[in-house]
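Printed here is final_17.txt (compact mmCIF, C-alpha atoms):
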# COMPACT_ATOMS: atom_id res chain seq x y z
CA MET A 1 27.53 35.62 14.64
CA SER A 2 31.18 34.77 14.21
CA GLU A 3 32.43 34.27 10.68
CA MET A 4 32.56 30.63 9.63
CA THR A 5 35.54 29.21 7.78
CA VAL A 6 34.66 26.47 5.34
CA GLN A 7 37.15 23.87 4.18
CA PRO A 8 36.95 23.08 0.48
CA ALA A 9 35.11 19.88 -0.36
CA GLU A 10 35.08 17.94 -3.56
CA LEU A 11 31.55 18.10 -4.96
CA THR A 12 30.27 15.42 -7.24
CA GLU A 13 27.93 16.46 -10.00
CA ASP A 14 24.90 15.94 -7.76
CA ARG A 15 25.94 15.60 -4.13
CA VAL A 16 28.60 15.21 -1.45
CA GLU A 17 28.82 11.62 -0.26
CA PHE A 18 28.83 10.76 3.44
CA THR A 19 31.92 8.56 3.61
CA LYS A 20 33.20 5.93 6.05
CA GLU A 21 35.82 8.42 7.27
CA MET A 22 33.09 11.00 7.99
CA ARG A 23 31.17 8.49 10.10
CA LYS A 24 33.94 8.53 12.72
CA GLU A 25 33.89 12.29 13.37
CA TYR A 26 30.78 13.86 11.84
CA THR A 27 27.58 14.66 13.72
CA ILE A 28 24.42 13.88 11.75
CA LEU A 29 21.61 16.39 12.33
CA CYS A 30 17.94 15.69 11.66
CA PRO A 31 14.61 17.42 12.44
CA ASP A 32 12.87 16.51 15.71
CA MET A 33 9.34 15.79 14.44
CA LEU A 34 8.28 13.40 17.22
CA PRO A 35 10.21 14.22 20.41
CA VAL A 36 9.55 10.95 22.30
CA HIS A 37 9.80 8.64 19.29
CA PHE A 38 12.95 10.34 18.01
CA LYS A 39 14.72 10.11 21.37
CA LEU A 40 14.48 6.35 21.07
CA LEU A 41 15.53 6.41 17.41
CA ARG A 42 18.49 8.67 18.24
CA ASN A 43 19.71 6.22 20.86
CA ILE A 44 19.40 3.37 18.33
CA PHE A 45 21.60 5.26 15.85
CA ILE A 46 24.15 6.00 18.58
CA GLN A 47 24.16 2.32 19.55
CA HIS A 48 25.15 1.50 15.96
CA GLY A 49 28.06 3.93 15.89
CA TYR A 50 26.53 7.15 14.53
CA ARG A 51 26.64 10.56 16.16
CA LEU A 52 23.06 11.79 15.79
CA GLY A 53 21.72 15.15 16.95
CA LEU A 54 18.09 16.28 17.00
CA LEU A 55 17.52 19.89 15.97
CA LYS A 56 15.71 21.97 18.59
CA ASN A 57 15.98 25.46 17.08
CA THR A 58 12.55 26.99 16.40
CA GLY A 59 10.95 30.41 16.03
CA ARG A 60 10.53 33.00 13.33
CA ARG A 61 14.19 32.79 12.34
CA VAL A 62 13.61 29.26 11.03
CA VAL A 63 10.71 30.45 8.85
CA ASP A 64 12.63 33.46 7.56
CA THR A 65 15.66 31.31 6.74
CA GLY A 66 13.43 28.91 4.84
CA LEU A 67 11.87 31.77 2.89
CA LYS A 68 15.34 33.07 2.05
CA TYR A 69 16.68 29.82 0.62
CA VAL A 70 13.57 28.00 -0.65
CA HIS A 71 11.05 29.21 -3.23
CA ASN A 72 7.89 30.38 -1.48
CA ASP A 73 5.74 28.10 -3.64
CA THR A 74 7.32 25.11 -1.91
CA CYS A 75 5.17 23.30 0.64
CA TYR A 76 5.40 24.59 4.21
CA PRO A 77 6.96 21.43 5.74
CA ALA A 78 9.86 21.61 3.26
CA LEU A 79 10.36 25.28 3.98
CA LEU A 80 10.48 24.61 7.74
CA VAL A 81 12.77 21.58 7.58
CA ILE A 82 15.26 23.30 5.27
CA GLY A 83 15.02 26.57 7.20
CA GLN A 84 15.66 24.77 10.49
CA MET A 85 18.73 22.98 9.13
CA ILE A 86 20.38 26.00 7.54
CA SER A 87 19.53 28.21 10.52
CA ALA A 88 21.20 25.66 12.82
CA LEU A 89 24.33 25.57 10.66
CA GLN A 90 24.49 29.36 10.59
CA SER A 91 24.05 29.67 14.36
CA GLY A 92 27.69 28.91 15.14
CA LYS A 93 26.68 26.00 17.38
CA TYR A 94 28.07 23.36 15.03
CA ASP A 95 31.38 22.88 13.22
CA VAL A 96 30.13 23.07 9.65
CA ASN A 97 33.13 21.03 8.50
CA LYS A 98 32.19 18.11 10.78
CA VAL A 99 28.45 17.92 10.30
CA ALA A 100 26.01 16.15 7.96
CA LEU A 101 22.25 16.46 7.52
CA MET A 102 19.72 13.64 7.24
CA ILE A 103 16.14 13.65 5.96
CA THR A 104 13.72 10.93 4.90
CA GLN A 105 12.99 10.30 1.23
CA THR A 106 10.02 8.08 0.41
CA GLY A 107 10.23 8.00 -3.38
CA GLY A 108 6.46 8.41 -3.62
CA GLY A 109 4.36 11.02 -5.39
CA CYS A 110 4.59 13.54 -2.54
CA ARG A 111 6.94 16.48 -3.02
CA ALA A 112 8.75 15.26 0.10
CA SER A 113 10.75 13.03 -2.23
CA ASN A 114 12.33 16.20 -3.61
CA TYR A 115 13.16 17.84 -0.26
CA ILE A 116 16.67 16.43 -0.45
CA HIS A 117 17.37 18.15 -3.77
CA LEU A 118 15.84 21.42 -2.53
CA LEU A 119 18.03 21.18 0.58
CA ARG A 120 21.23 20.68 -1.42
CA LYS A 121 20.35 23.60 -3.66
CA ALA A 122 19.64 25.77 -0.62
CA LEU A 123 22.91 24.74 1.05
CA LYS A 124 24.90 25.79 -2.02
CA LYS A 125 23.09 29.12 -2.08
CA ALA A 126 23.98 29.62 1.61
CA GLY A 127 27.66 28.78 0.99
CA LEU A 128 27.32 25.41 2.70
CA GLY A 129 27.37 23.16 -0.34
CA HIS A 130 30.14 21.03 1.17
CA VAL A 131 27.78 19.68 3.89
CA PRO A 132 26.73 16.07 3.09
CA VAL A 133 23.01 15.30 2.99
CA ILE A 134 22.00 11.73 3.79
CA SER A 135 18.84 10.24 2.30
CA LEU A 136 17.04 8.00 4.79
CA ASN A 137 15.08 5.74 2.45
CA LEU A 138 14.05 2.13 1.90
CA SER A 139 13.73 2.47 -1.87
CA GLY A 140 17.37 2.44 -2.91
CA LEU A 141 17.15 6.06 -4.09
CA GLU A 142 20.59 7.03 -2.80
CA SER A 143 23.41 5.32 -0.93
CA ASN A 144 26.40 6.49 1.08
CA SER A 145 29.47 4.41 1.91
CA GLY A 146 29.45 5.79 5.48
CA PHE A 147 25.77 5.19 6.21
CA LYS A 148 23.96 1.87 6.06
CA LEU A 149 20.52 0.94 7.38
CA THR A 150 20.96 -2.62 8.64
CA LEU A 151 18.13 -5.06 9.24
CA GLU A 152 18.77 -4.83 12.97
CA MET A 153 18.47 -1.03 12.87
CA LEU A 154 15.19 -1.26 10.95
CA TYR A 155 13.93 -3.89 13.39
CA GLN A 156 14.82 -1.73 16.39
CA ALA A 157 13.37 1.39 14.74
CA LEU A 158 9.98 -0.29 14.21
CA ILE A 159 9.98 -1.36 17.86
CA GLY A 160 11.03 2.15 18.93
CA LEU A 161 8.20 3.75 16.97
CA THR A 162 5.73 1.35 18.58
CA TYR A 163 6.93 2.25 22.07
CA GLY A 164 6.78 5.94 21.07
CA ASP A 165 3.15 5.57 20.01
CA LEU A 166 2.32 4.00 23.38
CA PHE A 167 3.99 6.88 25.24
CA MET A 168 2.16 9.48 23.11
CA LEU A 169 -1.20 7.74 23.58
CA LEU A 170 -0.89 7.45 27.36
CA LYS A 171 0.57 10.91 27.89
CA ASN A 172 -2.24 12.59 25.97
CA GLN A 173 -4.84 10.78 28.08
CA VAL A 174 -3.35 11.88 31.42
CA ARG A 175 -1.63 15.23 30.87
CA SER A 176 -4.84 17.29 31.06
CA TYR A 177 -5.82 15.63 34.35
CA GLU A 178 -2.50 15.38 36.19
CA VAL A 179 -2.60 16.36 39.87
CA ASN A 180 1.17 16.82 39.71
CA LYS A 181 2.22 18.48 36.47
CA TRP A 182 4.98 16.71 34.53
CA ASP A 183 4.31 13.27 36.04
CA ALA A 184 3.80 11.83 32.55
CA ASP A 185 6.96 13.48 31.18
CA THR A 186 9.01 12.21 34.12
CA LEU A 187 7.70 8.70 33.53
CA ILE A 188 8.53 8.87 29.82
CA GLU A 189 12.10 10.02 30.58
CA LYS A 190 12.51 7.06 32.94
CA TRP A 191 11.27 4.57 30.36
CA VAL A 192 13.23 6.03 27.43
CA LYS A 193 16.41 5.51 29.46
CA GLU A 194 15.35 2.00 30.44
CA LEU A 195 14.38 0.96 26.91
CA SER A 196 17.60 2.42 25.48
CA ARG A 197 19.55 0.40 28.06
CA GLN A 198 17.66 -2.75 27.04
CA PHE A 199 18.25 -2.07 23.35
CA ARG A 200 22.00 -1.79 23.94
CA GLN A 201 21.84 -5.26 25.52
CA ARG A 202 19.74 -6.59 22.61
CA LYS A 203 16.71 -6.86 24.90
CA GLY A 204 13.21 -5.35 25.02
CA TYR A 205 12.14 -6.03 21.47
CA SER A 206 11.17 -9.68 21.35
CA PRO A 207 7.38 -10.15 21.51
CA LYS A 208 7.61 -11.36 25.13
CA GLY A 209 9.98 -8.53 26.04
CA MET A 210 7.61 -5.98 24.51
CA GLU A 211 4.60 -7.47 26.29
CA ARG A 212 6.45 -7.30 29.60
CA ASN A 213 7.64 -3.72 29.06
CA MET A 214 4.32 -2.42 27.76
CA LYS A 215 2.42 -3.98 30.65
CA ALA A 216 4.78 -2.21 33.09
CA ILE A 217 4.53 1.10 31.19
CA VAL A 218 0.72 1.04 31.14
CA GLN A 219 0.58 0.13 34.81
CA ASP A 220 3.00 2.96 35.67
CA PHE A 221 0.81 5.46 33.84
CA SER A 222 -2.27 4.08 35.59
CA LYS A 223 -0.71 5.04 38.94
CA ILE A 224 -0.39 8.75 38.04
CA PRO A 225 -2.75 10.74 40.33
CA LEU A 226 -5.49 12.31 38.19
CA ASN A 227 -8.28 14.81 38.70
CA LYS A 228 -10.86 13.48 36.22
CA THR A 229 -12.93 16.57 35.50
CA GLU A 230 -14.89 16.90 32.27
CA LYS A 231 -12.75 17.99 29.31
CA THR A 232 -13.46 18.71 25.66
CA LYS A 233 -12.02 15.86 23.62
CA VAL A 234 -10.15 16.99 20.50
CA GLY A 235 -8.45 14.92 17.81
CA ILE A 236 -5.68 16.12 15.50
CA VAL A 237 -5.18 14.91 11.93
CA GLY A 238 -3.34 16.34 8.93
CA GLU A 239 -0.13 16.18 6.96
CA ILE A 240 2.31 14.08 8.98
CA TYR A 241 4.94 16.75 9.73
CA VAL A 242 2.48 19.50 10.66
CA LYS A 243 0.37 17.04 12.66
CA TYR A 244 3.27 16.01 14.90
CA SER A 245 5.81 18.84 14.90
CA SER A 246 5.15 21.49 17.55
CA MET A 247 7.26 23.94 15.54
CA ALA A 248 5.08 23.42 12.46
CA ASN A 249 1.70 23.58 14.23
CA ASN A 250 2.58 26.37 16.68
CA ASP A 251 2.59 24.08 19.72
CA LEU A 252 -0.97 22.95 19.02
CA GLU A 253 -1.16 20.16 21.59
CA ASN A 254 -0.02 22.38 24.47
CA PHE A 255 -2.42 25.10 23.37
CA LEU A 256 -5.33 22.63 23.47
CA VAL A 257 -4.32 21.44 26.95
CA GLU A 258 -4.28 25.08 28.09
CA GLN A 259 -7.81 25.37 26.68
CA ASP A 260 -8.98 22.56 29.00
CA CYS A 261 -9.02 19.85 26.35
CA GLU A 262 -7.97 16.21 26.19
CA VAL A 263 -6.02 15.59 22.99
CA MET A 264 -5.86 12.48 20.79
CA VAL A 265 -3.28 12.20 18.01
CA PRO A 266 -3.21 9.02 15.88
CA GLY A 267 0.09 7.15 16.13
CA VAL A 268 2.83 7.06 13.53
CA MET A 269 2.68 3.26 13.20
CA GLY A 270 -0.65 3.63 11.40
CA PHE A 271 1.10 5.78 8.81
CA MET A 272 3.94 3.25 8.50
CA MET A 273 1.45 0.43 7.95
CA PHE A 274 -0.39 2.58 5.42
CA LYS A 275 2.86 3.01 3.45
CA ILE A 276 3.61 -0.72 3.60
CA ASP A 277 0.03 -1.62 2.65
CA ASN A 278 0.21 0.72 -0.34
CA ARG A 279 2.83 -1.57 -1.88
CA ILE A 280 0.42 -4.49 -1.57
CA GLU A 281 -2.51 -2.49 -2.97
CA ASP A 282 -0.38 -1.32 -5.90
CA ILE A 283 0.23 -4.94 -6.88
CA ASN A 284 -3.45 -5.79 -6.34
CA LEU A 285 -4.60 -2.86 -8.49
CA TYR A 286 -1.93 -2.71 -11.18
CA GLY A 287 -0.02 -6.01 -11.04
CA GLY A 288 3.56 -6.57 -9.95
CA ASN A 289 6.16 -8.97 -8.62
CA PRO A 290 4.54 -11.78 -6.56
CA ALA A 291 7.76 -12.33 -4.59
CA LYS A 292 7.86 -8.67 -3.59
CA LYS A 293 4.23 -8.92 -2.52
CA LYS A 294 5.03 -11.84 -0.20
CA VAL A 295 7.90 -9.95 1.42
CA VAL A 296 5.76 -6.86 1.97
CA GLN A 297 2.90 -8.99 3.32
CA ALA A 298 5.30 -10.57 5.82
CA LEU A 299 6.39 -7.10 6.96
CA MET A 300 2.74 -6.09 7.27
CA ARG A 301 1.98 -9.13 9.45
CA TYR A 302 4.91 -8.22 11.69
CA CYS A 303 3.58 -4.66 12.11
CA GLU A 304 0.14 -6.07 12.89
CA MET A 305 1.74 -8.15 15.65
CA LEU A 306 3.37 -5.02 17.13
CA GLU A 307 0.03 -3.22 16.94
CA ARG A 308 -1.72 -6.12 18.67
CA ILE A 309 0.79 -6.13 21.54
CA LEU A 310 0.28 -2.39 22.06
CA CYS A 311 -3.52 -2.53 21.93
CA ASP A 312 -3.73 -5.59 24.19
CA SER A 313 -1.45 -3.97 26.77
CA VAL A 314 -3.66 -0.89 26.98
CA THR A 315 -6.90 -2.89 27.06
CA LYS A 316 -5.85 -5.54 29.59
CA TYR A 317 -4.02 -3.41 32.11
CA SER A 318 -5.80 -0.05 32.17
CA ASP A 319 -8.94 1.93 31.49
CA PHE A 320 -7.19 4.05 28.85
CA THR A 321 -8.69 4.26 25.37
CA PRO A 322 -6.68 1.99 23.04
CA PRO A 323 -5.90 3.07 19.48
CA ALA A 324 -8.01 1.65 16.66
CA LYS A 325 -6.32 -1.14 14.75
CA TYR A 326 -5.19 -0.48 11.20
CA ALA A 327 -7.55 -3.09 9.72
CA HIS A 328 -10.53 -1.29 11.27
CA ILE A 329 -9.30 2.10 10.10
CA LYS A 330 -8.89 0.77 6.57
CA GLU A 331 -12.33 -0.84 6.60
CA SER A 332 -13.95 2.43 7.71
CA VAL A 333 -13.23 4.15 4.37
CA THR A 334 -15.05 1.54 2.31
CA GLY A 335 -17.42 3.46 0.07
CA VAL A 336 -15.97 6.79 1.23
CA VAL A 337 -12.66 7.11 -0.64
CA GLY A 338 -10.75 4.63 -2.80
CA LEU A 339 -7.68 2.78 -1.55
CA GLY A 340 -5.80 3.89 -4.65
CA ASN A 341 -5.84 7.41 -3.21
CA LYS A 342 -2.41 7.21 -1.57
CA MET A 343 -0.47 10.40 -2.27
CA GLY A 344 0.66 12.09 0.93
CA GLU A 345 -1.55 10.75 3.72
CA GLY A 346 -4.08 9.57 1.14
CA TRP A 347 -7.19 7.77 2.33
CA LEU A 348 -5.59 7.35 5.79
CA LEU A 349 -6.28 10.97 6.68
CA THR A 350 -9.98 10.59 5.90
CA SER A 351 -10.15 7.33 7.84
CA GLU A 352 -8.45 8.93 10.87
CA MET A 353 -11.19 11.57 10.98
CA LEU A 354 -13.82 8.82 10.82
CA GLU A 355 -12.10 6.83 13.56
CA LEU A 356 -11.72 9.83 15.86
CA ALA A 357 -15.41 10.69 15.45
CA GLU A 358 -16.35 7.08 16.16
CA SER A 359 -14.22 6.86 19.32
CA GLY A 360 -15.52 10.03 20.98
CA TYR A 361 -13.04 12.60 19.67
CA GLY A 362 -15.47 14.20 17.22
CA ASN A 363 -13.99 17.67 17.65
CA ILE A 364 -11.24 17.46 15.04
CA ILE A 365 -8.54 19.86 13.90
CA CYS A 366 -7.25 19.13 10.39
CA ALA A 367 -3.77 20.67 10.04
CA GLN A 368 -3.45 21.90 6.44
CA PRO A 369 0.05 23.04 5.39
CA PHE A 370 0.46 25.31 2.40
CA GLY A 371 1.33 23.47 -0.78
CA CYS A 372 0.13 20.00 0.26
CA LEU A 373 -2.53 19.37 -2.38
CA PRO A 374 -3.26 15.72 -1.43
CA ASN A 375 -3.82 16.79 2.17
CA HIS A 376 -6.38 19.40 1.17
CA ILE A 377 -8.29 16.88 -0.96
CA VAL A 378 -8.46 14.04 1.58
CA GLY A 379 -8.68 16.45 4.53
CA LYS A 380 -10.71 19.59 3.93
CA GLY A 381 -12.27 18.05 0.82
CA MET A 382 -13.73 15.12 2.79
CA ILE A 383 -15.16 17.00 5.76
CA ARG A 384 -18.68 17.10 4.33
CA LYS A 385 -18.63 13.34 3.71
CA VAL A 386 -17.35 12.62 7.21
CA LYS A 387 -20.14 14.75 8.70
CA GLU A 388 -22.72 12.87 6.64
CA ILE A 389 -21.57 9.69 8.39
CA TYR A 390 -21.05 11.32 11.81
CA PRO A 391 -23.35 14.38 12.00
CA GLN A 392 -21.99 15.22 15.48
CA ALA A 393 -18.46 15.69 14.09
CA ASN A 394 -17.13 19.21 14.61
CA ILE A 395 -14.22 19.62 12.20
CA VAL A 396 -12.14 22.71 11.47
CA PRO A 397 -9.30 22.90 8.91
CA ILE A 398 -6.45 25.14 10.05
CA ASP A 399 -4.00 26.49 7.48
CA TYR A 400 -0.29 26.56 8.37
CA ASP A 401 1.97 28.65 6.16
CA PRO A 402 4.65 31.35 6.50
CA GLY A 403 2.08 34.15 6.43
CA ALA A 404 -0.50 32.63 8.78
CA THR A 405 -0.56 34.24 12.21
CA ARG A 406 -0.76 32.18 15.36
CA VAL A 407 -3.47 34.47 16.73
CA ASN A 408 -5.79 33.79 13.79
CA GLN A 409 -5.17 30.05 14.00
CA GLU A 410 -5.90 29.95 17.72
CA ASN A 411 -8.99 32.12 17.35
CA ARG A 412 -10.43 29.68 14.80
CA ILE A 413 -9.71 26.81 17.18
CA LYS A 414 -11.35 28.68 20.07
CA LEU A 415 -14.46 29.15 17.94
CA MET A 416 -14.53 25.41 17.23
CA LEU A 417 -14.18 24.69 20.96
CA ALA A 418 -17.01 27.11 21.78
CA VAL A 419 -19.29 25.19 19.41
CA ALA A 420 -18.16 21.90 20.98
CA ARG A 421 -18.95 23.09 24.51
CA GLU A 422 -22.39 24.29 23.55
CA GLU A 423 -23.18 20.78 22.36
CA GLN A 424 -21.68 18.92 25.36
As structure tokens, how would this structure be written, given the file I've shared?
Amino acid sequence: MSEMTVQPAELTEDRVEFTKEMRKEYTILCPDMLPVHFKLLRNIFIQHGYRLGLLKNTGRRVVDTGLKYVHNDTCYPALLVIGQMISALQSGKYDVNKVALMITQTGGGCRASNYIHLLRKALKKAGLGHVPVISLNLSGLESNSGFKLTLEMLYQALIGLTYGDLFMLLKNQVRSYEVNKWDADTLIEKWVKELSRQFRQRKGYSPKGMERNMKAIVQDFSKIPLNKTEKTKVGIVGEIYVKYSSMANNDLENFLVEQDCEVMVPGVMGFMMFKIDNRIEDINLYGGNPAKKKVVQALMRYCEMLERILCDSVTKYSDFTPPAKYAHIKESVTGVVGLGNKMGEGWLLTSEMLELAESGYGNIICAQPFGCLPNHIVGKGMIRKVKEIYPQANIVPIDYDPGATRVNQENRIKLMLAVAREEQ
């Protein structure tokens, strides 16, 4: 690797600010957790004048870089995200004097709120302390003069995530049966381009525009030639990053398809609604600002409208299995786990297992990253209770950490699938 020259940067006591001048020339890099969803989000950021790049570097080098610059007691998702970012900067692919990094920061009880501080510490250790780190948050935790989340961006992002969930849902229900491999991927590429074009023209995200687009998307997927042979249906739950990121879960979805399975992964909008709903439940349980509650309730109603458009499109125009609505998922945990259990994925993870078992995806993989205590409690810790309610549920927790081997993980999954096929 060629030697990198680093221009001096003025460091504040805590961080390097992403300034208005940087916005003109700097490329912002972020992890690619949800490939389809994030393609749409990337195009939204570009539309609003930001240069956004999605990191694609994977492999053992990412893990080793994370282990080098992050304490090994840190949760596995943090280690991977930080390792991926520093590894990318050290690769020589980017001008380290014209690049910034961006990660989400929720402000909740999860250690993810501290990723940003761990990343800055790791960057300094790697000699890259001049690289700005942008906090993507809705809690006012940090601000940068060169980066602003506008209401229009948030509006478009919610719509983009909803479209992404539809693509993920439909793709997973056809990819194992495709007569012509890659038909679903080709269709998604076509629609991502079309939706991005509509977004640039301020179209495609009114309720009527969404209904029209989603109807066309569902009908396009319904035309894909399929060979509907019997498959083992498998659902995936777990900590949000390990559940969705192929780098974190060792390409779990593709492995399951290779094992002759149909895969179901709950959408990210359910998690977003869970986070919004938590604000309402906090006020219900502990008291709070009534005005804030009304604002959050209005946002929740808007998300419920988006969810309804998606579900209705799938139900009316196809034979695909629609996702369960958030209200039903929330109701399913009544008497199982309290709604005040909201750290990490909280009660949502338990309810997703219940919903998958109810909808015919009773063979469930629970992705358990090292260091995520809430995930272990509401995931592995609730398996017995879920099986009391759905005795046919076949659930296996799979640990993901720097020392876990892919062979051992896949062997445990194969054992779970063998049990599932005996009972088919």
(message) One decimal, in Å: what's the spacing between atom CA of A:Pro266 and atom CA of A:Ile46?
(response) 27.7 Å
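Separating atom CA of A:Thr27 from atom CA of A:Lys98 is a distance of 6.5 Å.
For stretch 355-368 of chain A, the non-local neighbours within 6 Å, defined as residues at least 4 positions apart in the same chain or in other chains and counting only C-alpha atoms, are Lys233, Val234, Gly235, Ile236, Val237, Gly238, Ala393, Asn394, Ile395, Val396, Pro397, Ile398, Asp399 and Tyr400 of chain A.
Nearest to A:Leu149 of all the residues A:Pro391, A:Gly49, A:Pro369, A:Gly287 is A:Gly49, counting all atoms listed in the file.
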(message) With 10 Å as the threshold, what does the neighbourhood of (17.9, 2.1, 16.6) contain in terms of residues, counting all atoms listed in the file? Coordinates are those of the file; answer as JSON, numbers by chain.
(response) {"A": [38, 39, 40, 41, 42, 43, 44, 45, 46, 47, 48, 149, 150, 152, 153, 154, 155, 156, 157, 158, 159, 160, 161, 196, 199, 200]}
Export of the given selection (C-alpha atoms) as an mmCIF file, keeping the file's coordinate frame:
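The resulting out_11.cif:
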data_model
loop_
_atom_site.group_PDB
_atom_site.id
_atom_site.type_symbol
_atom_site.label_atom_id
_atom_site.label_comp_id
_atom_site.auth_asym_id
_atom_site.auth_seq_id
_atom_site.Cartn_x
_atom_site.Cartn_y
_atom_site.Cartn_z
ATOM 1 C CA PHE A 38 12.950 10.340 18.010
ATOM 2 C CA LYS A 39 14.720 10.110 21.370
ATOM 3 C CA LEU A 40 14.480 6.350 21.070
ATOM 4 C CA LEU A 41 15.530 6.410 17.410
ATOM 5 C CA ARG A 42 18.490 8.670 18.240
ATOM 6 C CA ASN A 43 19.710 6.220 20.860
ATOM 7 C CA ILE A 44 19.400 3.370 18.330
ATOM 8 C CA PHE A 45 21.600 5.260 15.850
ATOM 9 C CA ILE A 46 24.150 6.000 18.580
ATOM 10 C CA GLN A 47 24.160 2.320 19.550
ATOM 11 C CA HIS A 48 25.150 1.500 15.960
ATOM 12 C CA LEU A 149 20.520 0.940 7.380
ATOM 13 C CA THR A 150 20.960 -2.620 8.640
ATOM 14 C CA GLU A 152 18.770 -4.830 12.970
ATOM 15 C CA MET A 153 18.470 -1.030 12.870
ATOM 16 C CA LEU A 154 15.190 -1.260 10.950
ATOM 17 C CA TYR A 155 13.930 -3.890 13.390
ATOM 18 C CA GLN A 156 14.820 -1.730 16.390
ATOM 19 C CA ALA A 157 13.370 1.390 14.740
ATOM 20 C CA LEU A 158 9.980 -0.290 14.210
ATOM 21 C CA ILE A 159 9.980 -1.360 17.860
ATOM 22 C CA GLY A 160 11.030 2.150 18.930
ATOM 23 C CA LEU A 161 8.200 3.750 16.970
ATOM 24 C CA SER A 196 17.600 2.420 25.480
ATOM 25 C CA PHE A 199 18.250 -2.070 23.350
ATOM 26 C CA ARG A 200 22.000 -1.790 23.940
#
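Minimum distance to A:His71 across A:Val333, A:Asp251, A:Val295, A:Gly371 (counting only C-alpha atoms) occurs at A:Gly371.
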(request) Pick out the closest residue to A:Val419 from this set: A:Lys193, A:Thr232, A:Arg384, A:Ser145. Count only C-alpha atoms. (result) A:Thr232
(request) Compare A:Trp347, A:Tyr69, A:Tyr302, A:Trp191 by their minimum atom-to-atom distance to A:Glu239, counting only C-alpha atoms, and give me the closest one. (result) A:Trp347
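The space separating atom CA of A:Leu29 from atom CA of A:Gly346 comes to 28.8 Å.
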Near A:Arg60, within 10 Å and counting all atoms listed in the file, which residues show up once chain neighbours fewer than 5 positions away are dropped, as an mmCIF file with C-alpha atoms, keeping the file's coordinate frame?
data_model
loop_
_atom_site.group_PDB
_atom_site.id
_atom_site.type_symbol
_atom_site.label_atom_id
_atom_site.label_comp_id
_atom_site.auth_asym_id
_atom_site.auth_seq_id
_atom_site.Cartn_x
_atom_site.Cartn_y
_atom_site.Cartn_z
ATOM 1 C CA THR A 65 15.660 31.310 6.740
ATOM 2 C CA GLY A 66 13.430 28.910 4.840
ATOM 3 C CA GLY A 83 15.020 26.570 7.200
ATOM 4 C CA MET A 247 7.260 23.940 15.540
ATOM 5 C CA PRO A 402 4.650 31.350 6.500
#
